[in-house]
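Here the structure comes first, spelled out in structure tokens, and everything after it is commentary.
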There are 2 protein chains.
Amino acid sequence: DQMMEQIVIIGGVAAGLKSAAKIRRGAPDAQITVVEKGDLISYGACGLPYYVSGDVDSLQQLMSSSSGALRNPDFFKNVKNINVLTKTEAIRINRTTKTVTVRNRETAAESALPYDQLVIATGASPIRPPIPGIDLKNIHQLWHPDDAQAVRQGLEQGRFSRAVILGAGLVGMEMAEALSRWKSDVTVVEMKDQLFPAFMDEEIAAAVAKYAAGQGIKLLTGETVTEFRGDADGAVREVVTSRQVLPTDLVILAAGARPNVELARTAGLVIGSSGAIAVDDHLRTSDPSIYAGGDCVENTHRVSGAKVFAPMGSTANKHGRIIGENICGGDTTFHGVLGTVVVKILDLNAGKTGLTERDAKAAGFQCLSVMIGGHDRPHYMPNAKPLTIKLIVDAGNRRLLGMQAFGEGDVAKRVDLIASVLTFGGTIDDLFDIDLGYAPPYSSPIDLAAVAANAAMNKLAGHLKGLSPQEVRKKLASCPGTVFLDVRSSDEYKQVCLDRCENLCHIPLGQLRSRLSEMNKDDEIIAFCKISLRGYEAALILEGEGFTNVKVMEGGLNAWPYETCHGQAPPATAEKK
Amino acid sequence: DQMMEQIVIIGGVAAGLKSAAKIRRGAPDAQITVVEKGDLISYGACGLPYYVSGDVDSLQQLMSSSSGALRNPDFFKNVKNINVLTKTEAIRINRTTKTVTVRNRETAAESALPYDQLVIATGASPIRPPIPGIDLKNIHQLWHPDDAQAVRQGLEQGRFSRAVILGAGLVGMEMAEALSRWKSDVTVVEMKDQLFPAFMDEEIAAAVAKYAAGQGIKLLTGETVTEFRGDADGAVREVVTSRQVLPTDLVILAAGARPNVELARTAGLVIGSSGAIAVDDHLRTSDPSIYAGGDCVENTHRVSGAKVFAPMGSTANKHGRIIGENICGGDTTFHGVLGTVVVKILDLNAGKTGLTERDAKAAGFQCLSVMIGGHDRPHYMPNAKPLTIKLIVDAGNRRLLGMQAFGEGDVAKRVDLIASVLTFGGTIDDLFDIDLGYAPPYSSPIDLAAVAANAAMNKLAGHLKGLSPQEVRKKLASCPGTVFLDVRSSDEYKQVCLDRCENLCHIPLGQLRSRLSEMNKDDEIIAFCKISLRGYEAALILEGEGFTNVKVMEGGLNAWPYETCHGQAPPATAEKK
């Protein structure tokens with residue numbers, strides 16, 4: 001009889017509480033008990049960097065509903081009739097007797113909670129690398145509000161003028177923003193050889209890193225931390241890396257997270273290949289009376305079909321809802337994730353959904369990528385900002401596989417749009433066809449996402465022969481016969497240009513048809529401009545005039561993450577203007 | 001032989017020039033001639049209100065590329081090798097001889113241009129209602145840059161302190177914003193009985209109108225203009241309507257547009273039921289050598305399948321590309337439009353895609369609508385702004401049919417997202433499932449679009465019994481037994497509440513479970529709060545406690561477009577706090 005049903009939920013953050021609320025809606029008489037190891041429930045952990053930065057005034061706000069009610073156990077009892085036990089750790093699941101043994105962390109008293117259905121929502125924990133000195137003072141993980149509080153206090157007191165962050169992932173870079181807003185001198189140390197190693201292709205990561213460096217955030221890649229050294233008070237003062245010693249006042253550990261699966265593993269539930277709890281598409285574990293959701297379970301990637309560990313607050317909330325519906329007799333399935341990410345670093349936005357080019361190739365897709373630049377709105381609007389979009393496309397069936405974007409422009413909007421296209425398995429043709437909203441305050445007549453789709457079509461048809469920045473860089477270094485054709489205006493050229501190269505040729509687009517004789521028809525020519533729209537026009541002109549080997553540098557100088565020159569006088573070929 | 005092909009394009013704005021450029025790319029040797037009646041080409045007409053407002057400094061910017069090159073005939077000749085003849089009117093198409101007769105508007109000289117393939121991109125023209133006095137000075141249509149120039153000049157000189165706008169559509173309301181930015185006293189007169197009559201449901205339009213009124217933009221609906229009266233200098237001074245006489249210094253005519261089809265009609269081409277030129281899905285007219293695109297053709301609505309006249313710069317650009325590809329031997333189809341609209345009125349954003357509820361019902365859909373309110377980002381972020389979303393859903397197969405949204409929050413992002421879902425024929429379940437980007441600077445863990453999908457699911461399942469503001473208003477007027485249950489905090493209640501009604505009952509949500517005895521279990525109870533999330537919680541509590549007739553006012557007070565009280569003392573039932 002569902003009326004008397006006992007539901008136990010282990011974990012009082014996103015997935016746990018969401019499933020509890022959903023069960024209450026579907027089963028007004030069920031007994032619902034949530035056990036939470038920590039002292040707090042339902043806090044917006046993703047908001048912690050914004051408390052540290054000062055965007056959010058108080059931690060209370062992160063734990064309140066939008067109407068200002070504090071989401072504490074009393075709130076859940078009064079409003080939802082849900083019992084929440086904090087400081088209560090689930091230490092054992094007995095699947096035969098269907099009980100969870102819990103221990104009160106203050107009294108150490110143990111008791112057994114019987115369940116008809118159980119939800120495991122134990123979340124994930126930050127990785128704490130076994131580095132000597134890691135227990136020194138002023139080394140924090142941004143996981144619990146207490147850490148955020150301690151960091152913000154130190155910043156307010158002016159104690160953290162230098163900071164080292166371990167890990168250039170989401171939390172690491174969000175904290176880099178937060179600390180640099182307080183004028184801290186921030187250095188990010190990343191073991192892997194690029195920023196955002198988990199979810200961005202190298203050239204996009206390099207462009208984002210270049211922006212961050214321009215804002216004073218130092219990024220050291222391919223460098224590991226070997227030791228923390230403290231002062232007489234036991235406070236961290238130096239970070240020793242594989243290459244150097246970094247003086248510091250504060251260390252943020254942001255080296256990723258691991259799913260909390262021990263309870264499930266000990267209970268004999270199946271753990272997936274990703275290391276997280278395996279669940280079916282109803283979010284049921286290998287025991288039909290036990291559901292699991294949130295950061296502790298593994299997800300299916302909707303594009304590749306692979307099992308992935310992809311902890312995300314948005315996914316956890318969806319899990320909670322689906323578990324709640326299924327526990328109340330529903331038949332609701334979860335179709336997986338796209339690994340969607342959006343992240344802000346000061347005024348730069350970056351994002352990704354679907355597969356990276358690297359992952360798509362590793363998954364065996366015959367893929368093509370294209371990168372284009374432009375503005376997020378008509379260039380004449382004062383709020384227009386630059387944006388670069390990369391699409392990864394299945395070259396065989398034209399299906400979109402993924403996208404990445406960065407720029408001061410509105411990245412998040414295009415990420416959501418393309419997440420939707422990926423959800424439906426759409427092609428670049430579908431993307432181009434979508435009747436997107438157009439008005440100058442918001443977007444251009446052909447949105448940059450559609451321009452990117454168009455560029456992918458042109459590339460598939462052989463009309464656009466694009467090279468990535470890495471490919472161009474290689475040619476700069478090793479192809480003495482290649483002509484690098486910059487078709488921007490002379491003013492633009494004087495401000496910034498590709499780093500010195502003997503074969504740099506500057507001809508503004510409007511003069512190109514009359515200056516064809518300056519190049520040889522069989523030279524390899526790589527055309528570009530600021531965003532490579534004029535570069536593409538130039539390539540079309542040259543091809544129309546019988547040039548045989550013309551390419552375009554994708555994304556133009558806006559997306560060029562490598563060396564540039566400033567204020568150089570134009571080389572000889574450009575003087576004829 | 002395609003090498004020698006002669007292409008003539010009639011119309012030098014979006015569709016015409018885009019098709020010309022695309023043809024040049026696909027057919028480097030074709031002879032391409034564009035004839036344009038006016039003196040300018042390729043100007044961003046949609047940007048004119050933003051020139052008037054002062055957002056855009058000069059008209060030049062609207063006619064330039066993003067790199068600053070003026071897109072004039074020289075530009076098209078030099079860069080794209082396209083001949084553009086301005087001030088040249090196409091006056092006759094001879095389909096037998098395959099020639100277009102054109103007349104130079106300065107010299108009146110006529111000549112015949114032979115074509116192998118012809119593109120008609122004659123656009124649309126603003127409707128000029130036959131109202132006495134319409135030729136007075138300072139009456140402008142915002143169609144040509146000259147009009148925008150004249151209006152801005154008058155504003156700069158302080159001559160237009162009062163303005164009357166005819167028509168509360170897109171251009172009318174964009175101009176209302178532009179003029180009110182100059183502190184003009186703006187009155188919009190709309191013949192129909194609501195704002196945005198062509199594309200918004202009444203309650204959404206009413207909420208937007210309420211916002212505009214709060215910003216000082218007066219809106220008179222159901223009122224027709226019968227005469228313009230001028231002063232001794234022939235300048236307009238009064239607008240006479242069916243109800244009153246409005247003194248004014250400036251009149252903007254924004255009563256919609258009609259497709260320019262006379263040339264096509266005279267040539268015997270088929271005109272569609274919408275009044276625009278009929279084309280097939282390759283954008284070919286009834287003559288296989290003649291394509292047509294842009295504002296002069298009719299489109300297929302992707303949701304209803306109906307033929308519609310839906311002029312939009314974004315669609316025109318797509319048409320141009322598709323025509324260009326097909327003329328170059330391609331086989332590219334256009335799948336239609338969603339009637340997507342986004343519009344900014346000062347700090348308010350509004351938008352729509354797909355069918356309105358009214359249109360969906362008229363098209364025979366058994367549809368359900370739901371309206372929800374919330375924030376566009378986590379409420380604790382300083383840039384979080386309110387947003388209300390309405391979804392229209394096919395109650396039979398759960399397919400999305402349309403959405404509308406308004407608020408200071410990011411409407412455009414959700415419009416594009418849902419335009420994508422509509423393009424793929426997705427359901428509310430699909431929408432909820434999309435792995436959208438989540439990070440506090442951009443969005444909440446469950447985006448409001450997904451919350452709306454969830455609310456639609458709850459409504460379809462019978463868990464949410466929602467009433468629209470209109471339905472609640474009717475009950476306020478005529479149902480003495482209905483209880484209107486406001487579950488906001490006392491502070492919120494004191495600031496603003498539903499207009500006086502004997503059965504208004506105020507019980508903050510947190511007190512509801514302990515104050516159930518204040519209501520009868522069989523009363524009709526309509527619960528609400530600011531956005532009706534707490535209102536929904538309240539309904540669930542009451543239903544769980546055996547109340548039999550509980551409903552929720554959808555969208556809450558944020559979406560309530562009618563009368564409210566300010567600063568009233570709470571009625572007796574609320575004093576017990």
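Identifiers in this document derive from the order of the structure tokens: chains are assigned A, B, ..., residues are numbered from 1 separately in each chain, and ligands are numbered from 1 in order of occurrence.
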Mind listing as an MDAnalysis selection string which residues of chain A are within 7 Å of chain B, counting only C-alpha atoms? chainID A and resid 25 28 46:47 55:56 61:62 66 78:79 313:314 317 337:338 340:343 379:382 412:413 415:417 419:421 423:424 434:440 442 445:446 509:510 513 540 544
Report as a CSV table (one decimal) with N, CA, C and O atoms, in the first residue's frame all protein, DNA and RNA residues lying within 9 Å of Asp394 (chain A), evaluated on only C-alpha atoms, omitting residues in the same chain fewer than 6 positions from it.
```
chain,number,residue,atom,x,y,z
A,360,ALA,N,35.3,13.4,-30.1
A,360,ALA,CA,34.6,12.9,-31.3
A,360,ALA,C,35.5,12.0,-32.1
A,360,ALA,O,35.1,10.9,-32.5
A,365,PHE,N,34.2,9.0,-34.7
A,365,PHE,CA,33.5,9.7,-35.7
A,365,PHE,C,34.4,10.3,-36.7
A,365,PHE,O,35.5,10.7,-36.5
A,366,GLN,N,34.0,10.2,-38.0
A,366,GLN,CA,34.7,10.9,-39.1
A,366,GLN,C,34.2,12.3,-39.0
A,366,GLN,O,33.1,12.7,-39.6
A,367,CYS,N,34.9,13.2,-38.3
A,367,CYS,CA,34.3,14.5,-38.1
A,367,CYS,C,35.1,15.6,-38.8
A,367,CYS,O,36.2,15.5,-39.1
A,368,LEU,N,34.4,16.7,-39.0
A,368,LEU,CA,34.9,17.9,-39.5
A,368,LEU,C,34.6,19.0,-38.5
A,368,LEU,O,33.6,19.0,-37.9
A,369,SER,N,35.6,19.9,-38.4
A,369,SER,CA,35.3,21.0,-37.5
A,369,SER,C,35.4,22.3,-38.2
A,369,SER,O,36.1,22.4,-39.2
A,400,LEU,N,25.3,17.3,-36.2
A,400,LEU,CA,26.1,18.0,-35.3
A,400,LEU,C,26.6,17.1,-34.2
A,400,LEU,O,25.8,16.3,-33.6
A,401,LEU,N,27.8,17.2,-33.8
A,401,LEU,CA,28.4,16.4,-32.7
A,401,LEU,C,28.7,17.2,-31.5
A,401,LEU,O,28.7,16.7,-30.3
A,427,THR,N,21.0,18.1,-37.8
A,427,THR,CA,22.2,18.4,-38.7
A,427,THR,C,22.5,19.8,-38.7
A,427,THR,O,21.7,20.7,-38.2
```
For Asp147 (chain A), find every residue with an atom within 12 Å (counting only C-alpha atoms), except residues of its own chain fewer than 6 positions away, and show them as a PyMOL selection string. chain A and resi 45+48-49+51-52+59+137-141+153-154+250-253
Please write the residues from the selection above to a file, keeping C-alpha atoms, as a short mmCIF file (atom, residue, chain, number, x, y, z; two decimals), in the first residue's frame.
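Written output follows (again01.cif):
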```cif
data_model
loop_
_atom_site.label_atom_id
_atom_site.label_comp_id
_atom_site.auth_asym_id
_atom_site.auth_seq_id
_atom_site.Cartn_x
_atom_site.Cartn_y
_atom_site.Cartn_z
CA ALA A 45 27.45 25.02 -3.89
CA LEU A 48 30.13 29.72 -3.67
CA PRO A 49 32.63 31.39 -6.05
CA TYR A 51 29.99 34.66 -2.65
CA VAL A 52 33.78 34.78 -2.56
CA LEU A 59 25.80 32.72 2.37
CA LYS A 137 46.19 26.78 7.04
CA ASN A 138 44.73 28.82 4.14
CA ILE A 139 44.47 25.82 1.85
CA HIS A 140 40.82 25.47 0.90
CA GLN A 141 38.52 23.44 -1.23
CA GLN A 153 37.03 36.82 5.27
CA GLY A 154 40.73 36.66 4.45
CA LEU A 250 46.18 31.24 -0.13
CA VAL A 251 45.76 27.96 -1.97
CA ILE A 252 42.54 26.78 -3.59
CA LEU A 253 42.32 23.07 -4.36
#
```
Pick out the residues sitting within 12 Å of region 284-286 of chain B, and hand them over as a compact mmCIF listing (two decimals) with N, CA, C and O atoms, in the first residue's frame; count only C-alpha atoms, and ignore anything fewer than 4 positions along from it in its own chain.
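Written output follows (out-v4.txt):
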```
# COMPACT_ATOMS: atom_id res chain seq x y z
N ARG B 95 8.15 37.22 -69.53
CA ARG B 95 8.59 35.84 -69.27
C ARG B 95 8.86 35.09 -70.57
O ARG B 95 9.58 34.09 -70.57
N GLN B 117 18.08 33.46 -65.35
CA GLN B 117 17.31 33.22 -64.13
C GLN B 117 17.09 34.57 -63.46
O GLN B 117 17.97 35.43 -63.44
N LEU B 118 15.89 34.69 -62.90
CA LEU B 118 15.49 35.97 -62.32
C LEU B 118 15.14 35.76 -60.85
O LEU B 118 14.56 34.73 -60.48
N VAL B 119 15.50 36.73 -60.04
CA VAL B 119 15.13 36.69 -58.62
C VAL B 119 14.29 37.92 -58.31
O VAL B 119 14.71 39.04 -58.58
N ILE B 120 13.12 37.68 -57.75
CA ILE B 120 12.27 38.80 -57.32
C ILE B 120 12.42 38.94 -55.81
O ILE B 120 12.10 38.01 -55.05
N ALA B 121 12.96 40.07 -55.42
CA ALA B 121 13.14 40.34 -53.99
C ALA B 121 12.71 41.78 -53.75
O ALA B 121 13.48 42.63 -53.33
N VAL B 261 3.94 42.96 -54.59
CA VAL B 261 3.71 41.82 -55.50
C VAL B 261 3.24 42.25 -56.88
O VAL B 261 2.98 41.41 -57.74
N ALA B 264 5.16 40.94 -59.89
CA ALA B 264 4.96 39.50 -60.06
C ALA B 264 3.56 39.20 -60.56
O ALA B 264 3.35 38.38 -61.47
N ARG B 265 2.58 39.89 -60.00
CA ARG B 265 1.18 39.66 -60.40
C ARG B 265 0.99 40.01 -61.87
O ARG B 265 0.38 39.25 -62.63
N ALA B 267 3.14 40.01 -64.14
CA ALA B 267 3.83 39.02 -64.98
C ALA B 267 3.11 37.68 -65.00
O ALA B 267 3.55 36.74 -65.66
N GLY B 268 2.01 37.58 -64.25
CA GLY B 268 1.23 36.34 -64.27
C GLY B 268 1.70 35.28 -63.30
O GLY B 268 1.27 34.13 -63.38
N LEU B 269 2.56 35.66 -62.39
CA LEU B 269 3.01 34.67 -61.40
C LEU B 269 1.90 34.48 -60.35
O LEU B 269 1.11 35.39 -60.09
N VAL B 270 1.88 33.30 -59.75
CA VAL B 270 0.84 32.98 -58.77
C VAL B 270 1.09 33.75 -57.47
O VAL B 270 2.20 33.75 -56.95
N ILE B 271 0.02 34.39 -56.98
CA ILE B 271 0.07 35.06 -55.68
C ILE B 271 -0.66 34.15 -54.69
O ILE B 271 -1.71 33.59 -55.00
N GLY B 272 -0.08 33.99 -53.51
CA GLY B 272 -0.66 33.05 -52.55
C GLY B 272 -1.84 33.61 -51.79
O GLY B 272 -2.19 34.79 -51.93
N ALA B 276 0.98 37.33 -50.52
CA ALA B 276 2.38 37.42 -50.95
C ALA B 276 2.61 36.42 -52.09
O ALA B 276 1.78 35.56 -52.38
N ILE B 277 3.78 36.54 -52.74
CA ILE B 277 4.07 35.68 -53.89
C ILE B 277 4.19 34.23 -53.44
O ILE B 277 4.86 33.93 -52.44
N ALA B 278 3.52 33.33 -54.15
CA ALA B 278 3.61 31.91 -53.83
C ALA B 278 4.92 31.33 -54.36
O ALA B 278 5.30 31.61 -55.51
N VAL B 279 5.61 30.57 -53.53
CA VAL B 279 6.84 29.89 -53.97
C VAL B 279 6.80 28.46 -53.46
O VAL B 279 6.11 28.16 -52.49
N ASP B 280 7.56 27.60 -54.13
CA ASP B 280 7.65 26.23 -53.63
C ASP B 280 8.78 26.14 -52.60
O ASP B 280 9.36 27.16 -52.24
N ILE B 290 12.08 31.75 -62.47
CA ILE B 290 11.98 32.92 -61.58
C ILE B 290 11.87 32.47 -60.13
O ILE B 290 10.95 31.72 -59.76
N TYR B 291 12.81 32.90 -59.33
CA TYR B 291 12.77 32.68 -57.89
C TYR B 291 12.25 33.94 -57.22
O TYR B 291 12.33 35.03 -57.78
N ALA B 292 11.76 33.78 -56.00
CA ALA B 292 11.39 34.96 -55.23
C ALA B 292 11.70 34.70 -53.76
O ALA B 292 11.57 33.56 -53.28
N GLY B 293 12.12 35.74 -53.07
CA GLY B 293 12.45 35.58 -51.65
C GLY B 293 12.37 36.89 -50.90
O GLY B 293 12.24 37.96 -51.51
N CYS B 296 8.59 39.74 -49.88
CA CYS B 296 7.52 39.71 -50.87
C CYS B 296 6.91 38.32 -51.05
O CYS B 296 5.92 38.18 -51.76
N VAL B 297 7.46 37.29 -50.42
CA VAL B 297 6.91 35.94 -50.62
C VAL B 297 6.19 35.45 -49.37
O VAL B 297 6.39 35.96 -48.27
N GLU B 298 5.35 34.46 -49.58
CA GLU B 298 4.69 33.88 -48.42
C GLU B 298 5.48 32.66 -47.93
O GLU B 298 6.19 32.01 -48.69
N HIS B 319 16.36 33.05 -47.25
CA HIS B 319 15.85 32.92 -48.62
C HIS B 319 16.95 33.20 -49.63
O HIS B 319 17.12 32.46 -50.60
N GLY B 320 17.67 34.28 -49.40
CA GLY B 320 18.72 34.68 -50.34
C GLY B 320 19.74 33.58 -50.53
O GLY B 320 20.13 33.24 -51.66
N ILE B 322 19.37 30.36 -50.00
CA ILE B 322 18.79 29.17 -50.63
C ILE B 322 18.57 29.41 -52.12
O ILE B 322 18.86 28.55 -52.96
N ILE B 323 18.08 30.59 -52.46
CA ILE B 323 17.90 30.91 -53.88
C ILE B 323 19.25 30.85 -54.60
O ILE B 323 19.38 30.27 -55.68
N GLY B 324 20.27 31.43 -53.97
CA GLY B 324 21.61 31.41 -54.57
C GLY B 324 22.09 30.00 -54.82
O GLY B 324 22.60 29.68 -55.90
N ASN B 326 20.29 27.27 -55.17
CA ASN B 326 19.49 26.58 -56.18
C ASN B 326 19.78 27.11 -57.58
O ASN B 326 19.81 26.34 -58.55
N ILE B 327 20.03 28.39 -57.69
CA ILE B 327 20.37 28.94 -59.01
C ILE B 327 21.70 28.36 -59.50
O ILE B 327 21.90 28.14 -60.69
N ASP B 331 20.14 21.86 -54.60
CA ASP B 331 18.82 21.29 -54.36
C ASP B 331 18.49 21.56 -52.89
O ASP B 331 18.38 20.66 -52.08
N THR B 332 18.36 22.84 -52.57
CA THR B 332 18.21 23.24 -51.18
C THR B 332 16.79 23.70 -50.94
O THR B 332 16.23 24.45 -51.73
N THR B 333 16.23 23.22 -49.83
CA THR B 333 14.84 23.55 -49.55
C THR B 333 14.73 24.45 -48.33
O THR B 333 15.59 24.46 -47.46
N PHE B 334 13.65 25.19 -48.31
CA PHE B 334 13.35 26.05 -47.15
C PHE B 334 12.11 25.46 -46.47
O PHE B 334 11.11 25.21 -47.12
```
Leaving out Ala363 (chain B) and any residue of its chain fewer than 5 positions from it, which residues lie within 10 Å of it when counting only C-alpha atoms, given as a JSON list (two decimals) with all heavy atoms, in the first residue's frame?
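As a result, result.json now contains:
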```json
[["chain", "number", "residue", "atom", "x", "y", "z"],
["B", 303, "VAL", "N", 4.67, 24.95, -37.71],
["B", 303, "VAL", "CA", 3.82, 24.24, -36.75],
["B", 303, "VAL", "C", 2.43, 23.98, -37.33],
["B", 303, "VAL", "O", 1.93, 22.86, -37.29],
["B", 303, "VAL", "CB", 3.72, 25.01, -35.41],
["B", 303, "VAL", "CG1", 2.79, 24.29, -34.45],
["B", 303, "VAL", "CG2", 5.11, 25.17, -34.79],
["B", 304, "SER", "N", 1.83, 25.01, -37.90],
["B", 304, "SER", "CA", 0.45, 24.84, -38.38],
["B", 304, "SER", "C", 0.38, 24.39, -39.83],
["B", 304, "SER", "O", -0.66, 23.90, -40.26],
["B", 304, "SER", "CB", -0.30, 26.16, -38.24],
["B", 304, "SER", "OG", 0.23, 27.12, -39.16],
["B", 305, "GLY", "N", 1.46, 24.58, -40.56],
["B", 305, "GLY", "CA", 1.42, 24.27, -41.99],
["B", 305, "GLY", "C", 0.74, 25.34, -42.82],
["B", 305, "GLY", "O", 0.69, 25.24, -44.05],
["B", 306, "ALA", "N", 0.22, 26.38, -42.17],
["B", 306, "ALA", "CA", -0.50, 27.43, -42.90],
["B", 306, "ALA", "C", 0.47, 28.31, -43.70],
["B", 306, "ALA", "O", 1.64, 28.42, -43.36],
["B", 306, "ALA", "CB", -1.28, 28.29, -41.91],
["B", 355, "LEU", "N", 3.03, 29.02, -32.43],
["B", 355, "LEU", "CA", 1.66, 29.52, -32.43],
["B", 355, "LEU", "C", 1.29, 30.17, -31.10],
["B", 355, "LEU", "O", 1.71, 29.70, -30.05],
["B", 355, "LEU", "CB", 0.69, 28.36, -32.70],
["B", 355, "LEU", "CG", 0.85, 27.63, -34.02],
["B", 355, "LEU", "CD1", -0.15, 26.47, -34.10],
["B", 355, "LEU", "CD2", 0.67, 28.56, -35.20],
["B", 357, "GLU", "N", -1.75, 30.86, -28.33],
["B", 357, "GLU", "CA", -2.86, 30.00, -27.92],
["B", 357, "GLU", "C", -4.07, 30.26, -28.82],
["B", 357, "GLU", "O", -4.75, 29.32, -29.26],
["B", 357, "GLU", "CB", -3.20, 30.29, -26.46],
["B", 357, "GLU", "CG", -4.25, 29.35, -25.91],
["B", 357, "GLU", "CD", -4.49, 29.57, -24.42],
["B", 357, "GLU", "OE1", -3.84, 30.44, -23.82],
["B", 357, "GLU", "OE2", -5.33, 28.83, -23.86],
["B", 358, "ARG", "N", -4.30, 31.51, -29.12],
["B", 358, "ARG", "CA", -5.43, 31.88, -29.98],
["B", 358, "ARG", "C", -5.30, 31.22, -31.35],
["B", 358, "ARG", "O", -6.24, 30.59, -31.86],
["B", 358, "ARG", "CB", -5.42, 33.41, -30.11],
["B", 358, "ARG", "CG", -6.59, 34.03, -30.81],
["B", 358, "ARG", "CD", -6.48, 35.57, -30.76],
["B", 358, "ARG", "NE", -5.18, 36.03, -31.21],
["B", 358, "ARG", "CZ", -4.48, 37.03, -30.65],
["B", 358, "ARG", "NH1", -4.96, 37.68, -29.61],
["B", 358, "ARG", "NH2", -3.30, 37.39, -31.12]]
```
(Q) For the structure I just gave you, how does DSSP split region 297-541 of chain B - specifically, which residues are alpha helix (DSSP H)? Reply as a PyMOL selection string. (A) chain B and resi 313-327+357-362+411-423+428-433+448-460+469-478+490-495+533-541
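Closest approach to Leu113 (chain A) from the set A:Ile9, A:Val393, A:Ala207, A:Leu136 is made by A:Ile9, with distances taken over only C-alpha atoms.
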List the spatial neighbours of Trp182 (chain B) as a list in words - criterion: any atom at most 10 Å away, only C-alpha atoms, same-chain residues fewer than 5 positions off excluded. Val52, Ser53, Gly54, Arg152, Leu155, Glu156, Gly158, Phe160, Ser161 and Glu177 of chain B
For the residues in that selection, give me N, CA, C and O atoms as a PDB file, in the first residue's frame.
```
ATOM      1  N   VAL B  52      17.341  56.217 -34.296  1.00  0.00           N
ATOM      2  CA  VAL B  52      16.493  57.274 -33.727  1.00  0.00           C
ATOM      3  C   VAL B  52      16.730  57.397 -32.219  1.00  0.00           C
ATOM      4  O   VAL B  52      16.850  58.486 -31.675  1.00  0.00           O
ATOM      5  N   SER B  53      16.844  56.261 -31.531  1.00  0.00           N
ATOM      6  CA  SER B  53      17.000  56.294 -30.066  1.00  0.00           C
ATOM      7  C   SER B  53      18.333  56.894 -29.643  1.00  0.00           C
ATOM      8  O   SER B  53      18.470  57.369 -28.528  1.00  0.00           O
ATOM      9  N   GLY B  54      19.313  56.844 -30.535  1.00  0.00           N
ATOM     10  CA  GLY B  54      20.643  57.309 -30.188  1.00  0.00           C
ATOM     11  C   GLY B  54      21.606  56.176 -29.863  1.00  0.00           C
ATOM     12  O   GLY B  54      22.794  56.414 -29.645  1.00  0.00           O
ATOM     13  N   ARG B 152      15.197  61.882 -35.985  1.00  0.00           N
ATOM     14  CA  ARG B 152      16.268  62.105 -35.009  1.00  0.00           C
ATOM     15  C   ARG B 152      16.665  63.581 -34.949  1.00  0.00           C
ATOM     16  O   ARG B 152      16.913  64.118 -33.870  1.00  0.00           O
ATOM     17  N   LEU B 155      14.270  65.423 -32.888  1.00  0.00           N
ATOM     18  CA  LEU B 155      14.451  65.110 -31.462  1.00  0.00           C
ATOM     19  C   LEU B 155      15.650  65.863 -30.906  1.00  0.00           C
ATOM     20  O   LEU B 155      15.591  66.441 -29.815  1.00  0.00           O
ATOM     21  N   GLU B 156      16.729  65.866 -31.677  1.00  0.00           N
ATOM     22  CA  GLU B 156      17.931  66.563 -31.228  1.00  0.00           C
ATOM     23  C   GLU B 156      17.660  68.049 -31.056  1.00  0.00           C
ATOM     24  O   GLU B 156      18.224  68.703 -30.178  1.00  0.00           O
ATOM     25  N   GLY B 158      14.874  69.260 -30.183  1.00  0.00           N
ATOM     26  CA  GLY B 158      13.847  69.470 -29.158  1.00  0.00           C
ATOM     27  C   GLY B 158      12.481  69.825 -29.718  1.00  0.00           C
ATOM     28  O   GLY B 158      11.636  70.382 -29.021  1.00  0.00           O
ATOM     29  N   PHE B 160      10.200  67.635 -30.888  1.00  0.00           N
ATOM     30  CA  PHE B 160       9.181  66.574 -30.800  1.00  0.00           C
ATOM     31  C   PHE B 160       8.945  66.170 -29.346  1.00  0.00           C
ATOM     32  O   PHE B 160       9.242  65.050 -28.943  1.00  0.00           O
ATOM     33  N   SER B 161       8.407  67.075 -28.561  1.00  0.00           N
ATOM     34  CA  SER B 161       8.199  66.695 -27.163  1.00  0.00           C
ATOM     35  C   SER B 161       6.966  65.813 -27.002  1.00  0.00           C
ATOM     36  O   SER B 161       6.809  65.153 -25.989  1.00  0.00           O
ATOM     37  N   GLU B 177       9.833  53.039 -27.612  1.00  0.00           N
ATOM     38  CA  GLU B 177      11.046  53.047 -26.781  1.00  0.00           C
ATOM     39  C   GLU B 177      11.969  54.180 -27.212  1.00  0.00           C
ATOM     40  O   GLU B 177      12.452  54.955 -26.386  1.00  0.00           O
TER      41      GLU B 177
END
```
One residue among A:Glu238, A:Ile82, A:Asp523, A:Pro561 is nearest to Thr548 (chain A) when using only C-alpha atoms, and that residue is A:Asp523
Excluding same-chain residues fewer than 4 positions from Ser180 (chain B), what lies within 12 Å of it counting only C-alpha atoms, as JSON, numbers by chain? {"B": [49, 52, 53, 54, 155, 160, 161, 162, 163, 164, 165, 173, 174, 175, 176, 184, 185, 186, 187, 188, 212, 213, 215, 216, 217, 218, 345, 346]}
